[in-house]
$ cat structure_31.txt   # compact mmCIF, C-alpha atoms and all ligand atoms
# COMPACT_ATOMS: atom_id res chain seq x y z
CA MET W 1 62.88 75.34 25.68
CA PRO W 2 64.10 71.78 24.99
CA PHE W 3 67.76 70.94 24.32
CA GLY W 4 69.35 67.91 22.76
CA GLN W 5 72.09 66.09 20.90
CA LEU W 6 71.87 64.50 17.46
CA VAL W 7 74.41 61.71 17.45
CA ILE W 8 75.64 60.88 13.96
CA GLY W 9 78.69 59.17 12.48
CA PRO W 10 79.73 56.32 10.18
CA PRO W 11 78.77 52.72 11.03
CA GLY W 12 80.45 51.39 14.15
CA SER W 13 81.84 54.76 15.23
CA GLY W 14 80.33 54.30 18.71
CA LYS W 15 77.04 56.24 18.47
CA SER W 16 74.80 53.87 20.43
CA THR W 17 77.50 53.25 23.06
CA TYR W 18 77.90 57.02 23.42
CA CYS W 19 74.12 57.52 23.79
CA ASN W 20 74.10 54.94 26.56
CA GLY W 21 77.14 56.45 28.34
CA MET W 22 75.88 60.02 27.97
CA GLN W 23 72.50 59.08 29.37
CA GLN W 24 74.14 57.50 32.42
CA PHE W 25 76.30 60.59 32.92
CA LEU W 26 73.35 62.97 32.57
CA SER W 27 71.31 60.97 35.02
CA ALA W 28 74.28 61.10 37.47
CA ILE W 29 74.30 64.91 37.37
CA GLY W 30 70.51 65.02 37.68
CA ARG W 31 69.53 66.01 34.14
CA LYS W 32 66.35 64.28 33.06
CA THR W 33 67.07 62.70 29.70
CA SER W 34 65.21 60.81 27.00
CA VAL W 35 67.03 58.83 24.34
CA ILE W 36 65.32 58.48 20.97
CA ASN W 37 66.37 55.73 18.61
CA LEU W 38 66.26 56.93 15.00
CA ASP W 39 68.03 53.84 13.63
CA PRO W 40 65.47 51.41 12.17
CA ALA W 41 68.13 48.65 12.17
CA ASN W 42 68.96 49.07 15.87
CA ASP W 43 67.15 46.07 17.36
CA ARG W 44 69.47 45.58 20.36
CA ILE W 45 69.16 48.83 22.26
CA SER W 46 71.35 49.01 25.35
CA TYR W 47 69.80 52.15 26.88
CA PRO W 48 66.31 52.87 28.18
CA CYS W 49 64.65 54.14 25.00
CA ALA W 50 61.92 56.78 25.37
CA LEU W 51 60.91 56.66 21.70
CA ASP W 52 61.86 54.14 19.06
CA ILE W 53 61.57 54.68 15.31
CA ARG W 54 60.94 50.93 15.12
CA ASP W 55 57.54 51.54 16.74
CA PHE W 56 56.79 53.92 13.89
CA THR W 57 58.12 51.95 10.95
CA ARG W 58 59.62 48.47 10.88
CA LEU W 59 62.68 47.74 8.76
CA GLU W 60 61.81 44.04 8.43
CA ASP W 61 58.36 44.90 6.99
CA ILE W 62 59.81 47.41 4.53
CA MET W 63 62.44 44.93 3.38
CA SER W 64 59.95 42.15 2.75
CA GLU W 65 57.19 44.32 1.26
CA LEU W 66 59.43 46.31 -1.07
CA ASN W 67 62.08 43.69 -1.66
CA LEU W 68 64.81 46.02 -0.41
CA GLY W 69 68.09 45.19 1.30
CA PRO W 70 68.95 46.57 4.76
CA ASN W 71 70.61 49.78 3.52
CA GLY W 72 67.84 50.68 1.06
CA GLY W 73 65.34 49.72 3.75
CA ILE W 74 66.83 52.21 6.25
CA MET W 75 66.70 55.01 3.69
CA TYR W 76 63.09 54.16 2.91
CA ALA W 77 62.17 54.04 6.60
CA LEU W 78 63.59 57.53 7.15
CA GLU W 79 61.80 58.81 4.06
CA GLU W 80 58.58 57.45 5.59
CA VAL W 81 59.29 59.46 8.71
CA GLU W 82 60.04 62.53 6.57
CA ASN W 83 56.68 62.08 4.80
CA SER W 84 54.81 61.84 8.12
CA LEU W 85 56.93 64.41 9.88
CA ASP W 86 54.12 66.00 11.88
CA ASP W 87 53.07 62.66 13.40
CA PHE W 88 56.63 61.79 14.29
CA VAL W 89 57.35 65.18 15.79
CA ASN W 90 54.13 64.93 17.83
CA MET W 91 55.53 61.73 19.32
CA ILE W 92 58.72 63.58 20.26
CA GLU W 93 56.72 66.47 21.71
CA SER W 94 54.68 64.04 23.78
CA LEU W 95 57.86 63.29 25.74
CA GLY W 96 57.44 66.72 27.25
CA LYS W 97 59.55 69.82 26.84
CA GLN W 98 61.42 69.37 30.11
CA ASP W 99 63.47 66.39 28.99
CA TYR W 100 66.92 66.70 27.48
CA LEU W 101 66.93 64.67 24.26
CA ILE W 102 69.57 62.41 22.71
CA PHE W 103 68.95 61.06 19.20
CA ASP W 104 70.77 57.87 18.20
CA CYS W 105 71.02 58.02 14.38
CA PRO W 106 71.76 55.38 11.75
CA GLY W 107 75.31 55.14 10.39
CA GLN W 108 74.76 55.52 6.64
CA VAL W 109 76.99 58.40 5.69
CA GLU W 110 74.70 59.58 2.88
CA LEU W 111 72.02 60.38 5.46
CA PHE W 112 74.08 63.30 6.69
CA THR W 113 76.01 64.25 3.57
CA HIS W 114 73.41 64.39 0.79
CA HIS W 115 70.08 62.78 1.72
CA SER W 116 67.29 65.04 2.94
CA ALA W 117 65.35 62.92 5.48
CA LEU W 118 67.44 63.47 8.64
CA GLN W 119 68.02 67.10 7.70
CA GLN W 120 64.25 67.68 7.39
CA ILE W 121 63.53 65.99 10.73
CA PHE W 122 66.19 68.10 12.49
CA LYS W 123 65.10 71.33 10.78
CA LYS W 124 61.52 70.77 11.86
CA LEU W 125 62.62 70.36 15.47
CA GLU W 126 64.81 73.44 15.21
CA LYS W 127 61.83 75.47 13.97
CA MET W 128 59.91 74.29 17.02
CA ASP W 129 62.61 75.91 19.17
CA TYR W 130 64.50 72.75 20.07
CA ARG W 131 68.13 73.75 20.73
CA LEU W 132 70.13 70.97 19.12
CA ALA W 133 73.78 70.23 18.42
CA VAL W 134 75.10 67.55 16.11
CA ILE W 135 77.66 65.25 17.73
CA HIS W 136 79.53 63.66 14.85
CA LEU W 137 81.54 60.65 16.00
CA VAL W 138 84.36 59.38 13.79
CA ASP W 139 86.53 56.42 14.79
CA SER W 140 90.00 57.75 15.67
CA TYR W 141 91.47 54.82 13.73
CA TYR W 142 91.10 57.00 10.61
CA ILE W 143 93.74 59.47 11.72
CA THR W 144 96.35 56.71 11.47
CA SER W 145 96.33 56.97 7.67
CA PRO W 146 97.01 60.48 6.27
CA SER W 147 94.71 60.05 3.24
CA GLN W 148 91.90 58.60 5.37
CA TYR W 149 92.31 61.55 7.72
CA ILE W 150 91.65 63.93 4.81
CA SER W 151 88.59 61.83 3.87
CA ILE W 152 87.10 62.21 7.36
CA LEU W 153 87.78 65.95 7.26
CA LEU W 154 85.80 66.14 4.03
CA LEU W 155 83.04 64.01 5.55
CA ALA W 156 82.89 66.28 8.59
CA LEU W 157 82.80 69.44 6.48
CA ARG W 158 80.16 68.02 4.18
CA SER W 159 77.83 67.07 7.03
CA MET W 160 78.42 70.40 8.82
CA LEU W 161 77.29 72.25 5.71
CA GLN W 162 74.41 69.89 4.94
CA LEU W 163 72.90 69.77 8.42
CA ASP W 164 73.55 73.44 9.18
CA LEU W 165 73.36 73.14 12.97
CA PRO W 166 75.91 73.65 15.77
CA HIS W 167 78.27 70.79 15.08
CA ILE W 168 80.84 69.06 17.27
CA ASN W 169 83.12 66.56 15.56
CA VAL W 170 84.52 63.93 17.86
CA LEU W 171 87.31 61.39 17.38
CA SER W 172 85.90 58.37 19.19
CA LYS W 173 87.62 55.31 20.71
CA ILE W 174 90.70 57.36 21.48
CA ASP W 175 91.68 54.70 24.05
CA LEU W 176 92.49 52.35 21.15
CA LEU W 177 94.72 54.81 19.28
CA LYS W 178 97.94 53.71 20.96
CA ASN W 179 97.44 50.17 19.57
CA TYR W 180 97.69 51.41 15.99
CA GLY W 181 101.34 52.49 16.18
CA GLU W 182 103.07 55.87 16.15
CA LEU W 183 101.36 58.85 14.49
CA PRO W 184 103.52 61.13 12.29
CA MET W 185 102.11 64.20 14.13
CA SER W 186 100.98 64.89 17.70
CA LEU W 187 97.29 64.46 18.53
CA ASP W 188 96.54 68.21 18.64
CA TYR W 189 97.72 68.50 15.01
CA TYR W 190 94.79 66.25 14.04
CA THR W 191 92.22 67.70 16.44
CA GLU W 192 92.93 71.32 15.56
CA VAL W 193 93.38 70.53 11.85
CA GLN W 194 96.64 72.47 11.74
CA ASP W 195 98.51 73.38 8.52
CA LEU W 196 97.65 70.39 6.34
CA SER W 197 100.60 70.86 3.98
CA TYR W 198 102.76 69.17 6.67
CA ILE W 199 100.92 65.93 6.04
CA PHE W 200 101.30 65.97 2.24
CA PRO W 201 104.64 64.07 2.18
CA HIS W 202 102.98 61.33 4.25
CA ILE W 203 100.02 61.18 1.83
CA GLU W 204 102.45 60.85 -1.11
CA ALA W 205 104.49 58.19 0.69
CA GLU W 206 101.33 56.07 1.07
CA GLN W 207 100.87 55.87 -2.71
CA LYS W 208 103.23 53.77 -4.79
CA THR W 209 101.46 53.33 -8.15
CA VAL W 210 100.98 55.90 -10.95
CA LEU W 211 97.26 56.13 -10.25
CA GLY W 212 98.13 56.30 -6.57
CA LYS W 213 100.16 59.47 -7.21
CA ARG W 214 97.10 61.06 -8.82
CA TYR W 215 95.01 59.94 -5.86
CA ALA W 216 97.52 61.71 -3.61
CA LYS W 217 97.14 64.92 -5.69
CA LEU W 218 93.34 64.72 -5.40
CA THR W 219 93.61 64.16 -1.64
CA GLU W 220 95.89 67.18 -1.32
CA ALA W 221 93.49 69.35 -3.33
CA ILE W 222 90.65 68.28 -1.02
CA ALA W 223 92.84 69.05 2.00
CA GLU W 224 93.47 72.60 0.73
CA MET W 225 89.77 73.13 0.14
CA VAL W 226 88.81 71.86 3.61
CA GLU W 227 91.48 74.08 5.14
CA ASP W 228 90.16 77.13 3.26
CA PHE W 229 86.75 76.66 4.92
CA GLY W 230 88.44 76.70 8.35
CA LEU W 231 85.43 75.04 9.96
CA VAL W 232 86.52 71.55 10.96
CA SER W 233 88.12 70.62 14.27
CA PHE W 234 87.69 67.67 16.62
CA GLU W 235 87.11 66.87 20.25
CA VAL W 236 88.31 63.51 21.53
CA LEU W 237 86.43 60.81 23.41
CA ALA W 238 86.96 57.49 25.10
CA VAL W 239 83.51 56.54 26.23
CA GLU W 240 84.72 54.74 29.37
CA ASP W 241 86.90 57.71 30.34
CA LYS W 242 84.61 59.77 32.51
CA LYS W 243 86.86 62.82 32.30
CA SER W 244 86.56 62.93 28.52
CA MET W 245 82.75 62.64 28.78
CA ILE W 246 82.69 65.48 31.32
CA HIS W 247 84.77 67.66 29.01
CA LEU W 248 82.63 66.85 25.99
CA LEU W 249 79.41 67.76 27.80
CA THR W 250 80.82 71.18 28.73
CA VAL W 251 81.58 71.78 25.04
CA ILE W 252 78.11 70.58 23.97
CA ASP W 253 76.35 72.68 26.61
CA LYS W 254 78.18 75.72 25.31
CA ALA W 255 77.25 74.91 21.69
CA THR W 256 73.53 74.45 22.38
CA GLY W 257 73.41 77.36 24.81
CA TYR W 258 72.28 75.01 27.60
CA MET W 259 74.81 76.42 30.04
CA PHE W 260 73.50 79.94 29.44
CA GLY W 261 69.87 78.92 29.71
CA SER W 262 67.49 78.48 32.57
CA THR W 263 68.86 76.09 35.17
CA GLU W 264 65.39 74.86 36.08
CA ILE W 265 65.11 72.98 32.76
CA GLY W 266 66.90 69.80 33.59
CA GLY W 267 67.22 69.69 37.36
CA ASP W 268 71.02 69.80 37.13
CA THR W 269 71.59 73.23 38.65
CA VAL W 270 74.89 72.20 40.22
CA TRP W 271 76.44 71.07 36.94
CA THR W 272 75.13 74.08 35.00
CA GLU W 273 76.49 76.56 37.51
CA ALA W 274 79.82 74.77 37.60
CA THR W 275 80.23 74.85 33.81
CA ARG W 276 79.17 78.49 33.72
CA GLN W 277 82.17 79.23 35.90
CA GLY W 278 84.38 78.08 33.07
CA GLY W 279 84.65 74.31 32.91
CA TYR W 280 87.86 72.49 32.24
CA LEU W 281 89.14 72.97 28.71
CA GLY W 282 92.75 71.74 28.44
CA ILE W 283 91.69 68.28 27.37
CA VAL W 284 93.57 67.43 24.16
CA GLN W 285 97.02 67.65 25.72
CA ASP W 286 95.68 65.65 28.66
CA ILE W 287 94.33 63.03 26.29
CA GLN W 288 97.66 62.80 24.45
CA GLU W 289 99.32 62.23 27.82
CA ARG W 290 96.58 59.93 29.15
CA TRP W 291 95.93 57.73 26.14
CA ILE W 292 99.14 57.90 24.07
CA ASP W 293 102.27 58.95 25.97
CA HIS W 294 101.66 57.41 29.41
CA LYS W 295 98.71 55.07 28.88
CA GLU W 296 100.02 52.22 31.07
CA GLU W 297 100.83 54.43 34.08
CA TYR W 298 97.42 56.10 33.94
CA ASP W 299 95.63 52.75 33.51
CA GLU W 300 97.40 51.53 36.63
CA ALA W 301 96.65 54.65 38.68
CA GLU W 302 92.99 54.62 37.69
CA GLU W 303 92.71 50.94 38.46
CA GLU W 304 94.03 51.68 41.96
CA GLU W 305 91.45 54.44 42.40
CA ARG W 306 88.69 52.12 41.26
CA GLU W 307 89.92 49.41 43.61
CA GLU W 308 89.71 51.90 46.50
CA LEU W 309 86.11 52.64 45.56
CA PHE W 310 85.28 48.95 45.27
CA LYS W 311 86.96 48.25 48.63
CA LYS W 312 84.79 50.89 50.26
CA ALA W 313 81.64 49.43 48.71
CA GLU W 314 82.71 45.91 49.70
CA GLU W 315 83.19 46.97 53.30
CA GLU W 316 79.60 48.11 53.18
CA SER W 317 78.64 44.77 51.49
CA ARG W 318 77.13 46.28 48.35
CA PRO W 319 78.08 46.75 44.68
CA LEU W 320 79.51 50.05 43.46
CA THR W 321 76.87 52.26 41.92
CA GLU W 322 77.25 54.06 38.59
CA GLU W 323 76.49 57.25 40.51
CA GLU W 324 79.46 56.70 42.85
CA GLU W 325 81.78 56.24 39.88
CA TRP W 326 80.50 59.46 38.33
CA ASP W 327 80.73 61.27 41.63
CA ALA W 328 84.40 60.30 41.95
CA ALA W 329 85.07 61.41 38.34
CA LEU W 330 83.40 64.78 38.91
CA LYS W 331 85.42 65.34 42.10
CA GLN W 332 88.59 64.51 40.18
CA TRP W 333 87.55 66.99 37.42
CA GLU W 334 87.07 69.69 40.02
CA LYS W 335 90.43 68.92 41.64
CA GLU W 336 92.29 69.12 38.33
CA GLY W 337 91.04 72.57 37.43
CA GLY W 338 87.44 72.06 36.41
CA ALA W 339 84.82 74.40 37.74
CA LYS W 340 83.67 74.03 41.34
CA MET W 341 80.70 71.75 41.90
CA LYS W 342 79.09 73.62 44.77
CA LYS W 343 76.96 71.18 46.72
N1 LIG H 401 87.47 50.83 22.91
C1 LIG H 401 86.35 51.50 22.69
N2 LIG H 401 85.34 50.88 22.05
C2 LIG H 401 84.20 51.58 21.83
C3 LIG H 401 84.06 52.94 22.22
N3 LIG H 401 82.83 53.36 21.83
C4 LIG H 401 82.24 52.30 21.23
N4 LIG H 401 83.05 51.23 21.22
C5 LIG H 401 82.77 49.89 20.63
O1 LIG H 401 82.58 50.04 19.23
C6 LIG H 401 81.62 49.09 18.75
C7 LIG H 401 80.55 49.81 17.94
O2 LIG H 401 79.84 50.64 18.83
P1 LIG H 401 78.33 51.08 18.56
O3 LIG H 401 77.97 51.99 19.69
O4 LIG H 401 77.44 49.95 18.28
O5 LIG H 401 78.54 51.93 17.23
P2 LIG H 401 77.42 52.61 16.32
O6 LIG H 401 78.04 53.83 15.75
O7 LIG H 401 76.16 52.78 17.10
O8 LIG H 401 77.23 51.52 15.18
P3 LIG H 401 76.04 51.45 14.09
O9 LIG H 401 74.75 51.74 14.81
O10 LIG H 401 76.14 50.06 13.56
O11 LIG H 401 76.35 52.48 13.05
C8 LIG H 401 81.09 48.37 19.98
O12 LIG H 401 81.77 47.15 20.07
C9 LIG H 401 81.47 49.29 21.14
O13 LIG H 401 81.68 48.58 22.34
C10 LIG H 401 85.17 53.58 22.90
O14 LIG H 401 85.16 54.78 23.27
N5 LIG H 401 86.28 52.81 23.08
MG MG H 402 74.14 52.20 16.70
$ encode --input "structure_31.txt" --output "structure tokens"
Amino acid sequence: MPFGQLVIGPPGSGKSTYCNGMQQFLSAIGRKTSVINLDPANDRISYPCALDIRDFTRLEDIMSELNLGPNGGIMYALEEVENSLDDFVNMIESLGKQDYLIFDCPGQVELFTHHSALQQIFKKLEKMDYRLAVIHLVDSYYITSPSQYISILLLALRSMLQLDLPHINVLSKIDLLKNYGELPMSLDYYTEVQDLSYIFPHIEAEQKTVLGKRYAKLTEAIAEMVEDFGLVSFEVLAVEDKKSMIHLLTVIDKATGYMFGSTEIGGDTVWTEATRQGGYLGIVQDIQERWIDHKEEYDEAEEEEREELFKKAEEESRPLTEEEEWDAALKQWEKEGGAKMKK
């Protein structure tokens, strides 16, 4: 039974970069992976792409034939796929059922909050027994403003309900968070979506005008409603931070059921067995320490580790391989309390 990730999120949230990084990671642990580009505007793909929506329908042609702009063109392209769903799904099936799939989606928010095309494509795959999880990336910049934070909570809730699949919300680019100044609350407050009434005074302080006060009231009402659902929480990710990628994959494998499934599927028996033993789950506090409280010290220590690796490769007169970097990160994960990678 095939497994996969549907990578969604607003424009620029890091979806394509994540797909590239995740594919490299999966190939390092031996899981055979195919990345599928579902973004008709994505004409500079940085990863090896097994299937490209642009081979199915071309945005440029739609725009010129129908006199549409790029946003309308993307919606139309996905509607075309929705209308020829069987053909498109056959193309996905032709990749074989042994490959782990990653779908790089377009960034238009309406596609995962109230438009049917993506939902229909995903539902069709689900019916065909594909075990999929939605990975919803949201730029962590948005937690720096209390009212924007409530907006992304609403966005996350809305897409969770619309897409109706296992859903993992992720605050991306966490490495940049320190640059945006001090947060009123600690990082786990935002990731666990703790008692939102604590943030209300900060929402009110943001608004100075009369209409602004009413905006604050609306935001607070939305916050209460999101809290009542009790569904939204976040993981955190810095795509270059291998430890945060390792943690995220353990969470995803749990959500899709991959770690409980047959280990012969992807050829990554070692990883699957290791995560079955528990995985390493204390990440948010680590991330607060790594990326906010002691960023400089950690940067320095990691640079030293990397230099060691490079020195070793240099002595052997060759460049450092991606695999070696991943190998070092996995060893570190194991040392710090992650599950044992029995070789
Ligand atoms: N610092 C940092 N930058 C990142 C990270 N992930 C992505 N970026 C950068 O964010 C920018 C946007 O990344 P993309 O991967 O193109 O984002 P996207 O969501 O695919 O964008 P669209 O397809 O246009 O919606 C690029 O410049 C990336 O290098 C991260 O974890 N940390
Ligand atoms: Mg992209």
$ closest_atom_pairs --input "structure_31.txt" --of "region 229-310 of chain W" --to "region 175-179 of chain W" --cutoff "6 Å" --atoms "all atoms listed in the file" --output "Markdown table"
| residue | atom | partner | partner_atom | distance |
| --- | --- | --- | --- | --- |
| W:Ala238 | CA | W:Asp175 | CA | 5.6 |
| W:Trp291 | CA | W:Asp175 | CA | 5.6 |
| W:Ile292 | CA | W:Lys178 | CA | 5.4 |
$ write_last_selection --input "structure_31.txt" --atoms "C-alpha atoms" --output "PDB file, in the coordinates of the input"
ATOM      1  CA  ALA W 238      86.960  57.490  25.100  1.00  0.00           C
ATOM      2  CA  TRP W 291      95.930  57.730  26.140  1.00  0.00           C
ATOM      3  CA  ILE W 292      99.140  57.900  24.070  1.00  0.00           C
TER       4      ILE W 292
END
$ closest_residue --input "structure_31.txt" --among "W:Pro106, W:Gly261, W:Pro2, W:Gly96" --to "ligand LIG 401 (chain H)" --atoms "all atoms listed in the file"
W:Pro106
$ residues_near_ligand --input "structure_31.txt" --ligand "ligand MG 402 (chain H)" --cutoff "8 Å" --atoms "only C-alpha atoms and all ligand atoms" --output "VMD selection string"
chain W and resid 11 to 12 14 to 17 39 42 104 to 107
$ residues_around --input "structure_31.txt" --residues "Lys213 (chain W)" --least-positions-apart "5" --cutoff "7 Å" --atoms "all atoms listed in the file" --output "PyMOL selection string"
chain W and resi 204+207-208
$ closest_residue --input "structure_31.txt" --among "W:Ser145, W:Gln120, W:Thr269, W:Gln288" --to "Val89 (chain W)" --atoms "only C-alpha atoms"
W:Gln120
$ closest_residue --input "structure_31.txt" --among "W:Glu235, W:Asp241, W:Glu80, W:Glu110" --to "ligand LIG 401 (chain H)" --atoms "all atoms listed in the file"
W:Asp241
$ atom_distance --input "structure_31.txt" --atom1 "CA of Trp271 (chain W)" --atom2 "CA of Pro166 (chain W)"
21.3 Å
$ atom_distance --input "structure_31.txt" --atom1 "atom O14 of ligand LIG 401 (chain H)" --atom2 "CA of Leu155 (chain W)"
20.1 Å
$ closest_residue --input "structure_31.txt" --among "W:Ala28, W:Ile168, W:Ile143, W:Ala156" --to "Asp327 (chain W)" --atoms "all atoms listed in the file"
W:Ala28
$ closest_residue --input "structure_31.txt" --among "W:Leu211, W:Leu231, W:Cys49, W:Leu118" --to "Asn169 (chain W)" --atoms "only C-alpha atoms"
W:Leu231
$ axis_aligned_box --input "structure_31.txt" --around "region 115-119 of chain W" --padding-each-side "5 Å" --output "JSON"
{"center_x": 67.7, "center_y": 64.9, "center_z": 5.2, "size_x": 14.7, "size_y": 14.3, "size_z": 16.9}
$ atom_distance --input "structure_31.txt" --atom1 "atom C1 of ligand LIG 401 (chain H)" --atom2 "CA of Leu237 (chain W)"
9.3 Å
$ closest_residue --input "structure_31.txt" --among "W:Val35, W:Leu137, W:Val170, W:Val210" --to "Ile92 (chain W)" --atoms "all atoms listed in the file"
W:Val35
$ residues_near_point --input "structure_31.txt" --point "(95.5, 61.8, -5.4)" --cutoff "12 Å" --atoms "only C-alpha atoms" --output "PDB file with C-alpha atoms, keeping the file's coordinate frame"
ATOM      1  CA  PRO W 146      97.010  60.480   6.270  1.00  0.00           C
ATOM      2  CA  SER W 147      94.710  60.050   3.240  1.00  0.00           C
ATOM      3  CA  GLN W 148      91.900  58.600   5.370  1.00  0.00           C
ATOM      4  CA  ILE W 150      91.650  63.930   4.810  1.00  0.00           C
ATOM      5  CA  SER W 151      88.590  61.830   3.870  1.00  0.00           C
ATOM      6  CA  PHE W 200     101.300  65.970   2.240  1.00  0.00           C
ATOM      7  CA  ILE W 203     100.020  61.180   1.830  1.00  0.00           C
ATOM      8  CA  GLU W 204     102.450  60.850  -1.110  1.00  0.00           C
ATOM      9  CA  ALA W 205     104.490  58.190   0.690  1.00  0.00           C
ATOM     10  CA  GLU W 206     101.330  56.070   1.070  1.00  0.00           C
ATOM     11  CA  GLN W 207     100.870  55.870  -2.710  1.00  0.00           C
ATOM     12  CA  LYS W 208     103.230  53.770  -4.790  1.00  0.00           C
ATOM     13  CA  THR W 209     101.460  53.330  -8.150  1.00  0.00           C
ATOM     14  CA  VAL W 210     100.980  55.900 -10.950  1.00  0.00           C
ATOM     15  CA  LEU W 211      97.260  56.130 -10.250  1.00  0.00           C
ATOM     16  CA  GLY W 212      98.130  56.300  -6.570  1.00  0.00           C
ATOM     17  CA  LYS W 213     100.160  59.470  -7.210  1.00  0.00           C
ATOM     18  CA  ARG W 214      97.100  61.060  -8.820  1.00  0.00           C
ATOM     19  CA  TYR W 215      95.010  59.940  -5.860  1.00  0.00           C
ATOM     20  CA  ALA W 216      97.520  61.710  -3.610  1.00  0.00           C
ATOM     21  CA  LYS W 217      97.140  64.920  -5.690  1.00  0.00           C
ATOM     22  CA  LEU W 218      93.340  64.720  -5.400  1.00  0.00           C
ATOM     23  CA  THR W 219      93.610  64.160  -1.640  1.00  0.00           C
ATOM     24  CA  GLU W 220      95.890  67.180  -1.320  1.00  0.00           C
ATOM     25  CA  ALA W 221      93.490  69.350  -3.330  1.00  0.00           C
ATOM     26  CA  ILE W 222      90.650  68.280  -1.020  1.00  0.00           C
ATOM     27  CA  ALA W 223      92.840  69.050   2.000  1.00  0.00           C
TER      28      ALA W 223
END
$ decode --input "structure_31.txt" --residues "region 215-256 of chain W" --atoms "C-alpha atoms" --output "compact mmCIF listing (two decimals), in the first residue's frame"
# COMPACT_ATOMS: atom_id res chain seq x y z
CA TYR W 215 -10.94 43.99 14.45
CA ALA W 216 -9.39 42.89 17.75
CA LYS W 217 -12.83 41.72 18.99
CA LEU W 218 -13.37 39.73 15.78
CA THR W 219 -9.91 38.18 16.10
CA GLU W 220 -10.64 37.19 19.70
CA ALA W 221 -13.97 35.62 18.71
CA ILE W 222 -12.16 33.59 16.02
CA ALA W 223 -9.54 32.57 18.59
CA GLU W 224 -12.24 31.26 20.94
CA MET W 225 -13.86 29.32 18.13
CA VAL W 226 -10.55 27.76 17.01
CA GLU W 227 -9.79 26.84 20.61
CA ASP W 228 -13.20 25.18 21.01
CA PHE W 229 -12.38 22.82 18.12
CA GLY W 230 -9.16 21.79 19.91
CA LEU W 231 -7.67 20.45 16.69
CA VAL W 232 -4.83 22.77 15.76
CA SER W 233 -1.24 22.39 16.91
CA PHE W 234 2.11 22.83 15.18
CA GLU W 235 5.39 21.08 14.66
CA VAL W 236 8.44 23.21 13.92
CA LEU W 237 10.93 22.99 11.07
CA ALA W 238 14.14 24.53 9.85
CA VAL W 239 14.76 22.75 6.60
CA GLU W 240 18.57 22.85 6.95
CA ASP W 241 18.37 21.49 10.50
CA LYS W 242 18.59 17.77 10.00
CA LYS W 243 17.40 17.03 13.52
CA SER W 244 14.13 18.87 12.92
CA MET W 245 13.61 16.95 9.64
CA ILE W 246 14.27 13.66 11.45
CA HIS W 247 11.73 14.55 14.13
CA LEU W 248 9.13 15.63 11.58
CA LEU W 249 9.43 12.39 9.63
CA THR W 250 8.80 10.34 12.80
CA VAL W 251 5.60 12.37 13.36
CA ILE W 252 4.52 11.94 9.71
CA ASP W 253 5.24 8.21 9.72
CA LYS W 254 3.04 7.87 12.77
CA ALA W 255 0.23 9.89 11.16
CA THR W 256 0.18 7.90 7.92
